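Following: one structure in structure tokens, then a few remarks.
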Amino acid sequence: MAARSQSPAWQDFESLLGKPIMSPEVQLFIKTNHLNQSETATNGTGICESESLTNVPFTLFYQSNKVQRVDVAIGIGGFAKYTGKLGHDLRPTDTPETIIQRFGKPSRQKVQPSFVWLRYDKLRLDLDFDLKSRRLETVGLLSK
């Protein structure tokens with residue numbers, strides 16, 4: 001697992017998916033990256049995030065005490081940005097159009113006043129784009 005001074009590798013994020021939140025690997029990731037863990041419901045559902053989103057570009061979401069999702073910030077203004085190599089050949093300059101051209105029609109999509117969201121179930125990806133710039137902002141990795 002990469003130290004905080006360097007960006008974790010994409011495989012580090014993927015390796016957390018489906019693991020128990022209290023597993024040594026997940027706890028090391030939380031500790032190394034100075035994430036705060038908070039339960040949002042009594043059924044083992046919660047979030048692990050930095051106190052200051054300007055420091056750490058990722059957030060873990062867990063349900064039934066297992067990591068269900070890892071969000072990685074790519075280009076959200078004012079927030080920390082992931083600088084490592086992205087999986088699935090994703091690039092910070094990707095737009096909804098380039099993603100659809102590369103991966104085909106998404107499983108689901110939504111256009112809101114401030115963002116565009118695409119989901120690819122087979123790739124286990126949620127992709128958020130800024131509506132104005134059309135650039136990739138956040139990649140969500142989903143567990144099986």
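Naming works like this for the structure tokens: A, B, ... for the chains as they're shown, residue 1 at the start of each chain, ligands 1 onward in shown order.
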Write out as a ChimeraX atom specification the residues lying within 12 Å of Ser133 (chain A), counting only C-alpha atoms and excluding same-chain residues fewer than 6 positions away.
/A:75-77,92-96,114-116
Just the helix (DSSP H, G or I) stuff from chain A, please, per backbone DSSP, written as an mmCIF file with N, CA and C atoms, in the first residue's frame.
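This is the output file selection-v7.cif:
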```
data_model
loop_
_atom_site.group_PDB
_atom_site.id
_atom_site.type_symbol
_atom_site.label_atom_id
_atom_site.label_comp_id
_atom_site.auth_asym_id
_atom_site.auth_seq_id
_atom_site.Cartn_x
_atom_site.Cartn_y
_atom_site.Cartn_z
ATOM 1 N N TRP A 10 -3.809 2.321 -8.517
ATOM 2 C CA TRP A 10 -5.208 1.993 -8.807
ATOM 3 C C TRP A 10 -5.579 0.635 -8.220
ATOM 4 N N GLN A 11 -4.636 -0.317 -8.278
ATOM 5 C CA GLN A 11 -4.879 -1.656 -7.745
ATOM 6 C C GLN A 11 -5.121 -1.615 -6.234
ATOM 7 N N ASP A 12 -4.527 -0.628 -5.548
ATOM 8 C CA ASP A 12 -4.775 -0.488 -4.109
ATOM 9 C C ASP A 12 -6.251 -0.211 -3.847
ATOM 10 N N PHE A 13 -6.845 0.657 -4.647
ATOM 11 C CA PHE A 13 -8.268 0.963 -4.483
ATOM 12 C C PHE A 13 -9.108 -0.278 -4.765
ATOM 13 N N GLU A 14 -8.811 -0.932 -5.888
ATOM 14 C CA GLU A 14 -9.583 -2.113 -6.270
ATOM 15 C C GLU A 14 -9.467 -3.224 -5.238
ATOM 16 N N SER A 15 -8.313 -3.345 -4.604
ATOM 17 C CA SER A 15 -8.112 -4.419 -3.623
ATOM 18 C C SER A 15 -8.933 -4.214 -2.354
ATOM 19 N N LEU A 16 -9.390 -2.996 -2.096
ATOM 20 C CA LEU A 16 -10.196 -2.714 -0.903
ATOM 21 C C LEU A 16 -11.655 -3.134 -1.063
ATOM 22 N N PRO A 24 -7.212 -5.785 8.318
ATOM 23 C CA PRO A 24 -5.935 -5.080 8.451
ATOM 24 C C PRO A 24 -5.601 -4.216 7.230
ATOM 25 N N GLU A 25 -5.899 -4.712 6.036
ATOM 26 C CA GLU A 25 -5.578 -3.956 4.820
ATOM 27 C C GLU A 25 -6.368 -2.645 4.747
ATOM 28 N N VAL A 26 -7.670 -2.701 5.031
ATOM 29 C CA VAL A 26 -8.496 -1.492 4.981
ATOM 30 C C VAL A 26 -8.097 -0.540 6.103
ATOM 31 N N GLN A 27 -7.869 -1.061 7.298
ATOM 32 C CA GLN A 27 -7.477 -0.208 8.415
ATOM 33 C C GLN A 27 -6.130 0.471 8.163
ATOM 34 N N LEU A 28 -5.196 -0.240 7.518
ATOM 35 C CA LEU A 28 -3.914 0.367 7.168
ATOM 36 C C LEU A 28 -4.109 1.504 6.169
ATOM 37 N N PHE A 29 -4.976 1.292 5.174
ATOM 38 C CA PHE A 29 -5.267 2.333 4.184
ATOM 39 C C PHE A 29 -5.868 3.558 4.876
ATOM 40 N N ILE A 30 -6.816 3.331 5.783
ATOM 41 C CA ILE A 30 -7.462 4.426 6.513
ATOM 42 C C ILE A 30 -6.427 5.188 7.338
ATOM 43 N N LYS A 31 -5.597 4.459 8.068
ATOM 44 C CA LYS A 31 -4.589 5.087 8.933
ATOM 45 C C LYS A 31 -3.528 5.815 8.117
ATOM 46 N N THR A 32 -2.981 5.154 7.103
ATOM 47 C CA THR A 32 -1.916 5.731 6.282
ATOM 48 C C THR A 32 -2.359 7.026 5.620
ATOM 49 N N GLY A 87 -7.234 3.600 -13.752
ATOM 50 C CA GLY A 87 -7.578 2.324 -14.364
ATOM 51 C C GLY A 87 -8.465 2.517 -15.582
ATOM 52 N N HIS A 88 -8.647 1.480 -16.353
ATOM 53 C CA HIS A 88 -9.518 1.463 -17.536
ATOM 54 C C HIS A 88 -9.134 2.520 -18.562
ATOM 55 N N ASP A 89 -7.880 2.940 -18.536
ATOM 56 C CA ASP A 89 -7.376 3.949 -19.471
ATOM 57 C C ASP A 89 -8.147 5.269 -19.362
ATOM 58 N N PRO A 96 -17.961 13.010 -21.246
ATOM 59 C CA PRO A 96 -18.967 11.957 -21.427
ATOM 60 C C PRO A 96 -18.916 11.365 -22.841
ATOM 61 N N GLU A 97 -18.678 12.217 -23.818
ATOM 62 C CA GLU A 97 -18.651 11.750 -25.200
ATOM 63 C C GLU A 97 -17.477 10.796 -25.458
ATOM 64 N N THR A 98 -16.282 11.135 -24.947
ATOM 65 C CA THR A 98 -15.132 10.254 -25.178
ATOM 66 C C THR A 98 -15.304 8.922 -24.443
ATOM 67 N N ILE A 99 -15.933 8.962 -23.279
ATOM 68 C CA ILE A 99 -16.167 7.729 -22.524
ATOM 69 C C ILE A 99 -17.170 6.840 -23.255
ATOM 70 N N ILE A 100 -18.262 7.425 -23.738
ATOM 71 C CA ILE A 100 -19.272 6.642 -24.468
ATOM 72 C C ILE A 100 -18.670 6.082 -25.755
ATOM 73 N N GLN A 101 -17.826 6.855 -26.391
ATOM 74 C CA GLN A 101 -17.156 6.360 -27.602
ATOM 75 C C GLN A 101 -16.251 5.172 -27.262
ATOM 76 N N ARG A 102 -15.566 5.233 -26.139
ATOM 77 C CA ARG A 102 -14.619 4.181 -25.747
ATOM 78 C C ARG A 102 -15.321 2.951 -25.191
ATOM 79 N N PHE A 103 -16.312 3.139 -24.297
ATOM 80 C CA PHE A 103 -16.932 2.016 -23.580
ATOM 81 C C PHE A 103 -18.311 1.627 -24.087
#
```
Skipping near chain neighbours, those fewer than 4 positions away, what residues fall within 7 Å of Leu127 (chain A) using only C-alpha atoms, listed as a ChimeraX atom specification?
/A:117-119,138-140
Identify, on the basis of only C-alpha atoms, every residue whose closest approach to Leu60 (chain A) does not exceed 6 Å; exclude the query and any residue fewer than 5 positions from it along the same chain; express the result as number ranges by chain.
A: 47-48, 69-70
Spatial neighbours of Arg91 (chain A), max dist 9 Å, only C-alpha atoms, sep filter under 4 positions, as a PyMOL selection string
chain A and resi 74+85-87+136
Residue selection dump (N, CA and C atoms) as a PDB file, in the first residue's frame:
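Generated output (out-v6.pdb):
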```pdb
ATOM      1  N   ILE A  74     -10.747  13.401  -9.333  1.00  0.00           N
ATOM      2  CA  ILE A  74      -9.829  13.602 -10.454  1.00  0.00           C
ATOM      3  C   ILE A  74      -9.653  15.086 -10.756  1.00  0.00           C
ATOM      4  N   LYS A  85      -1.862   6.892 -11.967  1.00  0.00           N
ATOM      5  CA  LYS A  85      -2.422   6.380 -13.220  1.00  0.00           C
ATOM      6  C   LYS A  85      -3.817   5.809 -12.951  1.00  0.00           C
ATOM      7  N   LEU A  86      -4.774   6.204 -13.765  1.00  0.00           N
ATOM      8  CA  LEU A  86      -6.153   5.749 -13.623  1.00  0.00           C
ATOM      9  C   LEU A  86      -6.345   4.394 -14.286  1.00  0.00           C
ATOM     10  N   GLY A  87      -7.234   3.600 -13.752  1.00  0.00           N
ATOM     11  CA  GLY A  87      -7.578   2.324 -14.364  1.00  0.00           C
ATOM     12  C   GLY A  87      -8.465   2.517 -15.582  1.00  0.00           C
ATOM     13  N   LEU A 136     -13.934  14.948 -16.624  1.00  0.00           N
ATOM     14  CA  LEU A 136     -14.090  13.951 -15.576  1.00  0.00           C
ATOM     15  C   LEU A 136     -13.719  14.556 -14.226  1.00  0.00           C
TER      16      LEU A 136
END
```
To one decimal in Å, tell me the separation between CA of Lys66 (chain A) and CA of Lys19 (chain A).
5.3 Å
Contacts of Glu51 (chain A) at 12 Å or less, counting only C-alpha atoms, minus same-chain residues fewer than 3 places along, as a ChimeraX atom specification?
/A:33-38,47-48,54-59,79
If you keep C-alpha atoms, can you produce a file of those selected residues as an mmCIF file, in the first residue's frame?
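For reference, again.cif as written:
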```cif
data_model
loop_
_atom_site.group_PDB
_atom_site.id
_atom_site.type_symbol
_atom_site.label_atom_id
_atom_site.label_comp_id
_atom_site.auth_asym_id
_atom_site.auth_seq_id
_atom_site.Cartn_x
_atom_site.Cartn_y
_atom_site.Cartn_z
ATOM 1 C CA ASN A 33 -4.131 8.253 4.505
ATOM 2 C CA HIS A 34 -5.468 9.891 7.674
ATOM 3 C CA LEU A 35 -9.105 9.136 6.929
ATOM 4 C CA ASN A 36 -11.820 9.487 9.552
ATOM 5 C CA GLN A 37 -14.295 6.632 9.817
ATOM 6 C CA SER A 38 -17.882 7.428 10.742
ATOM 7 C CA ILE A 47 -17.942 6.568 5.228
ATOM 8 C CA CYS A 48 -14.196 7.074 5.585
ATOM 9 C CA THR A 54 -8.138 19.395 0.068
ATOM 10 C CA ASN A 55 -5.666 16.816 1.451
ATOM 11 C CA VAL A 56 -6.911 13.393 0.330
ATOM 12 C CA PRO A 57 -8.589 12.704 -3.036
ATOM 13 C CA PHE A 58 -10.507 9.554 -2.097
ATOM 14 C CA THR A 59 -13.394 8.408 0.061
ATOM 15 C CA PHE A 79 -10.190 19.542 -3.703
#
```
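Compared by their closest atoms to Ala73 (chain A), and using only C-alpha atoms, the residues A:Gly46, A:Arg134, A:Ser143, A:Asp128 rank with A:Asp128 nearest.
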Picked from region 7-129 of chain A by DSSP as strand (DSSP E or B), as a ChimeraX atom specification:
/A:20,36-41,45-49,58-63,66-73,108-111,115-120,125-129
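Checking A:Leu131, A:Ser52, A:Thr40, A:Thr45 one by one against Pro113 (chain A), counting only C-alpha atoms, you find the shortest gap at A:Leu131.
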Pick the closest to Gln68 (chain A) from A:Gly84, A:Pro8, A:Gly44, A:Pro106: which is it, counting only C-alpha atoms?
A:Gly44
